[in-house]
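J.: Provided herewith is a single structure, encoded as structure tokens, for subsequent inquiry.
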Amino acid sequence: MFPFFSYSSLLLLLLLFIIIFLPSFPARNIPEFITVLPVNLNNTNYTWSGFDRFVDVGRGSELAGMSELKKYFHRFGYLLVTDNTNFTDIFDARFESAIIQYQSKLGLPVTGKLDSTTLSQVMSPRCGVSDMEHILHTTKHYAYFPGRPSWDRSTPMMLTYAFSPDNSIDYISKSDIRDIFERAFMKWASVIPLNFTETQDYKIADIKIGFYSKDHGDGEPFDGVLGVLAHAFSPENGRFHLDAAETWAIDFGSEKSRVAVDLESVATHEIGHVLGLAHSSVKEAVMYPSLSPRSKKVDLKLDDVKGVQALYGSNPNFRFSSLLESDISSNQAVDI
Ligand SMILES: [Zn+2]
Ligand SMILES: [Zn+2]
């Protein structure tokens with residue numbers, strides 16, 4: 001009845017279709033590692049950018065420089081050894097378990113492998129505070145430092161902060177820097193019963209903020225462009241250091257550098273440490289350890305708020321509903 005559409009002619013048509021159109025289908029074998037960095041930083045020599053050569057290296061392999069990658073894991077709390085100068089270039093069982101620990105802490109797929117997702121995370125610029133200097137909260141994702149330290153002041157609680165007169169950057173005006181930090185401090189002050197005030201007296205300030213390069217005397221040297229961006233100490237230390245080698249930005253419209261780092265995002269994160277929060281495993285949280293260049297993360301998420309309120313209580317004017325709405329509207333998964 002339908003001689004033109006016999007089974008064999010249909011098959012022929014199908015074959016023709018495949019032959020003609022298949023070469024134009026999107027190639028599916030693009031190596032994943034080309035997307036290792038969220039911003040294209042290929043052919044550059046920023047801190048940790050060389051780690052991309054370890055993509056898909058598996059257990060039992062030996063590759064020159066693997067010891068440097070092991071030092072990275074050790075530095076951030078994942079490869080605990082007494083002597084960190086003696087790492088081999090062999091991907092051994094111990095390294096595999098460090099990778100597993102890293103993946104589960106940072107909310108990545110747990111594969112125990114140096115897959116592109118994991119290496120991308122490893123190479124992302126991040127905070128210098130170790131991920132393991134904390135007590136994991138069992139049901140939430142936020143965490144504290146050992147002993148759960150917080151600032152112990154009489155109410156109404158007030159902390160002062162000051163900028164180091166000797167350790168600053170000159171390409172952002174002092175008033176812009178002050179505005180950025182005031183905004184960042186306000187974010188935290190709006191959820192807990194604690195106020196922050198700037199003081200000109202650096203010596204007596206509770207929180208001492210400064211931009212430093214390389215080794216600056218606290219045993220936590222900075223590393224140049226990207227890599228570690230900043231670090232801050234747990235209560236009641238108050239030291240708050242930013243890597244002077246970064247291209248700090250207050251506005252990506254005027255700062256075009258592809259390695260520009262958002263000052264307000266990093267300030268907001270480090271204030272969390274100053275208050276006593278350690279790193280969170282919630283990717284969207286301000287207290288997650290990494291931040292891509294040219295990206296912003298300035299709004300506290302429920303995880304951040306719950307964590308800091310467990311230390312200090314809630315600001316009487318704070319309403320969870322407003323936070324819930326913003327979390328839901330941005331479609332981010334948070335543990336409430
Ligand atoms: Zn941090
Ligand atoms: Zn420092």
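Identifiers in the structure tokens: chain A, B, ... in order shown; residue index from 1 per chain; ligand index from 1 in order shown.
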May I have a table of the residues of chain A lying at most 6 Å from ligand 1, giving each one's closest pair of atoms and their distance in Å to one decimal, counting only C-alpha atoms and all ligand atoms, ordered by chain and ascending residue number, as a tab-separated table?
T.:
residue	atom	partner	partner_atom_place_in_ligand_line	distance
A:Cys127	CA	ligand 1	1 (Zn)	4.3
A:Val129	CA	ligand 1	1 (Zn)	5.0
A:Glu270	CA	ligand 1	1 (Zn)	5.9
A:His279	CA	ligand 1	1 (Zn)	5.8
A:Pro289	CA	ligand 1	1 (Zn)	5.0
J.: Emit the selected residues as a CSV table (one decimal), in the first residue's frame, including N, CA and C atoms.
T.:
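File produced: out.csv:
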chain,number,residue,atom,x,y,z
A,127,CYS,N,40.3,31.3,50.6
A,127,CYS,CA,40.7,31.9,51.9
A,127,CYS,C,41.8,31.0,52.4
A,129,VAL,N,42.5,30.3,55.5
A,129,VAL,CA,42.2,29.5,56.8
A,129,VAL,C,42.0,28.1,56.4
A,270,GLU,N,35.8,37.1,55.6
A,270,GLU,CA,36.8,37.1,56.7
A,270,GLU,C,36.2,37.6,58.0
A,279,HIS,N,35.0,27.3,58.1
A,279,HIS,CA,34.4,27.2,56.8
A,279,HIS,C,33.2,26.3,56.7
A,289,PRO,N,34.9,28.2,51.4
A,289,PRO,CA,36.2,28.8,51.4
A,289,PRO,C,36.7,29.4,50.1
J.: If the limit is 7 Å from any atom of ligand 2, counting only C-alpha atoms and all ligand atoms, which residues qualify? Return them as an mmCIF file with C-alpha atoms, in the first residue's frame.
T.:
data_model
loop_
_atom_site.group_PDB
_atom_site.id
_atom_site.type_symbol
_atom_site.label_atom_id
_atom_site.label_comp_id
_atom_site.auth_asym_id
_atom_site.auth_seq_id
_atom_site.Cartn_x
_atom_site.Cartn_y
_atom_site.Cartn_z
ATOM 1 C CA HIS A 216 54.306 39.109 56.926
ATOM 2 C CA ASP A 218 52.310 35.532 61.326
ATOM 3 C CA GLU A 220 50.913 32.349 57.090
ATOM 4 C CA PRO A 221 52.734 33.919 54.129
ATOM 5 C CA HIS A 231 42.937 35.163 56.116
ATOM 6 C CA HIS A 241 44.880 40.249 56.523
#
J.: Find the distance between CA of Met132 in chain A and CA of Ser104 in chain A and write it in Å to one decimal.
T.: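 Those two atoms sit 12.3 Å apart.
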J.: Could you check which of A:Asn45, A:Ser67, A:Ser190, A:Ile90 is closest to Phe318 in chain A, using only C-alpha atoms?
T.: A:Ser190
J.: So which residues touch Asp152 in chain A within 10 Å, counting only C-alpha atoms, skipping near sequence neighbours fewer than 5 positions away, as a PyMOL selection string?
T.: chain A and resi 157+235-236+312
J.: Write the residues you've just listed into a file as a PDB file, in the first residue's frame, and include N, CA and C atoms for each of them.
T.:
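Saved the output as selection_11.pdb:
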ATOM      1  N   MET A 157      26.868  44.755  72.894  1.00  0.00           N
ATOM      2  CA  MET A 157      28.196  44.393  72.434  1.00  0.00           C
ATOM      3  C   MET A 157      28.665  45.299  71.293  1.00  0.00           C
ATOM      4  N   PRO A 235      38.321  34.454  67.235  1.00  0.00           N
ATOM      5  CA  PRO A 235      38.216  35.322  68.420  1.00  0.00           C
ATOM      6  C   PRO A 235      39.178  34.878  69.529  1.00  0.00           C
ATOM      7  N   GLU A 236      39.661  35.837  70.348  1.00  0.00           N
ATOM      8  CA  GLU A 236      39.464  37.274  70.223  1.00  0.00           C
ATOM      9  C   GLU A 236      40.737  37.892  69.686  1.00  0.00           C
ATOM     10  N   TYR A 312      26.061  34.147  68.976  1.00  0.00           N
ATOM     11  CA  TYR A 312      25.775  35.452  69.585  1.00  0.00           C
ATOM     12  C   TYR A 312      24.290  35.718  69.830  1.00  0.00           C
TER      13      TYR A 312
END
J.: So, counting only C-alpha atoms, which residue among A:Asp83, A:Leu242, A:Ala143, A:Ala205 is closest to Val305 in chain A?
T.: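 Distance minimum relative to Val305 in chain A lands on A:Ala143.
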J.: Enumerate, as a PyMOL selection string, the complete set of residues in range 95-326 of chain A that a backbone-based DSSP assignment places in strand (DSSP E).
T.: chain A and resi 126-127+135-136+143-144+157-163+194-198+207-212+228-232+239-243+247-249+260-262
J.: Within range 17-227 of chain A, find each residue whose DSSP state, derived from the backbone, is alpha helix (DSSP H), and express the selection as a ChimeraX atom specification.
T.: /A:17-21,66-75,93-105,116-123,174-189
J.: Closest to Asp166 in chain A among A:Ala93, A:Val57, A:Leu302, A:Ile209, using only C-alpha atoms?
T.: A:Ile209
J.: I need the residue nearest Trp248 in chain A from this list: A:Val261, A:Ala184, A:Leu300, A:Val122. Use only C-alpha atoms for the distance.
T.: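 Looking only at the distances to Trp248 in chain A, the closest residue turns out to be A:Val261.
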J.: Could you please determine the separation between CA of Ala285 in chain A and CA of Val191 in chain A in Å, to one decimal place?
T.: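 Calculated distance between CA of Ala285 in chain A and CA of Val191 in chain A is 14.9 Å.
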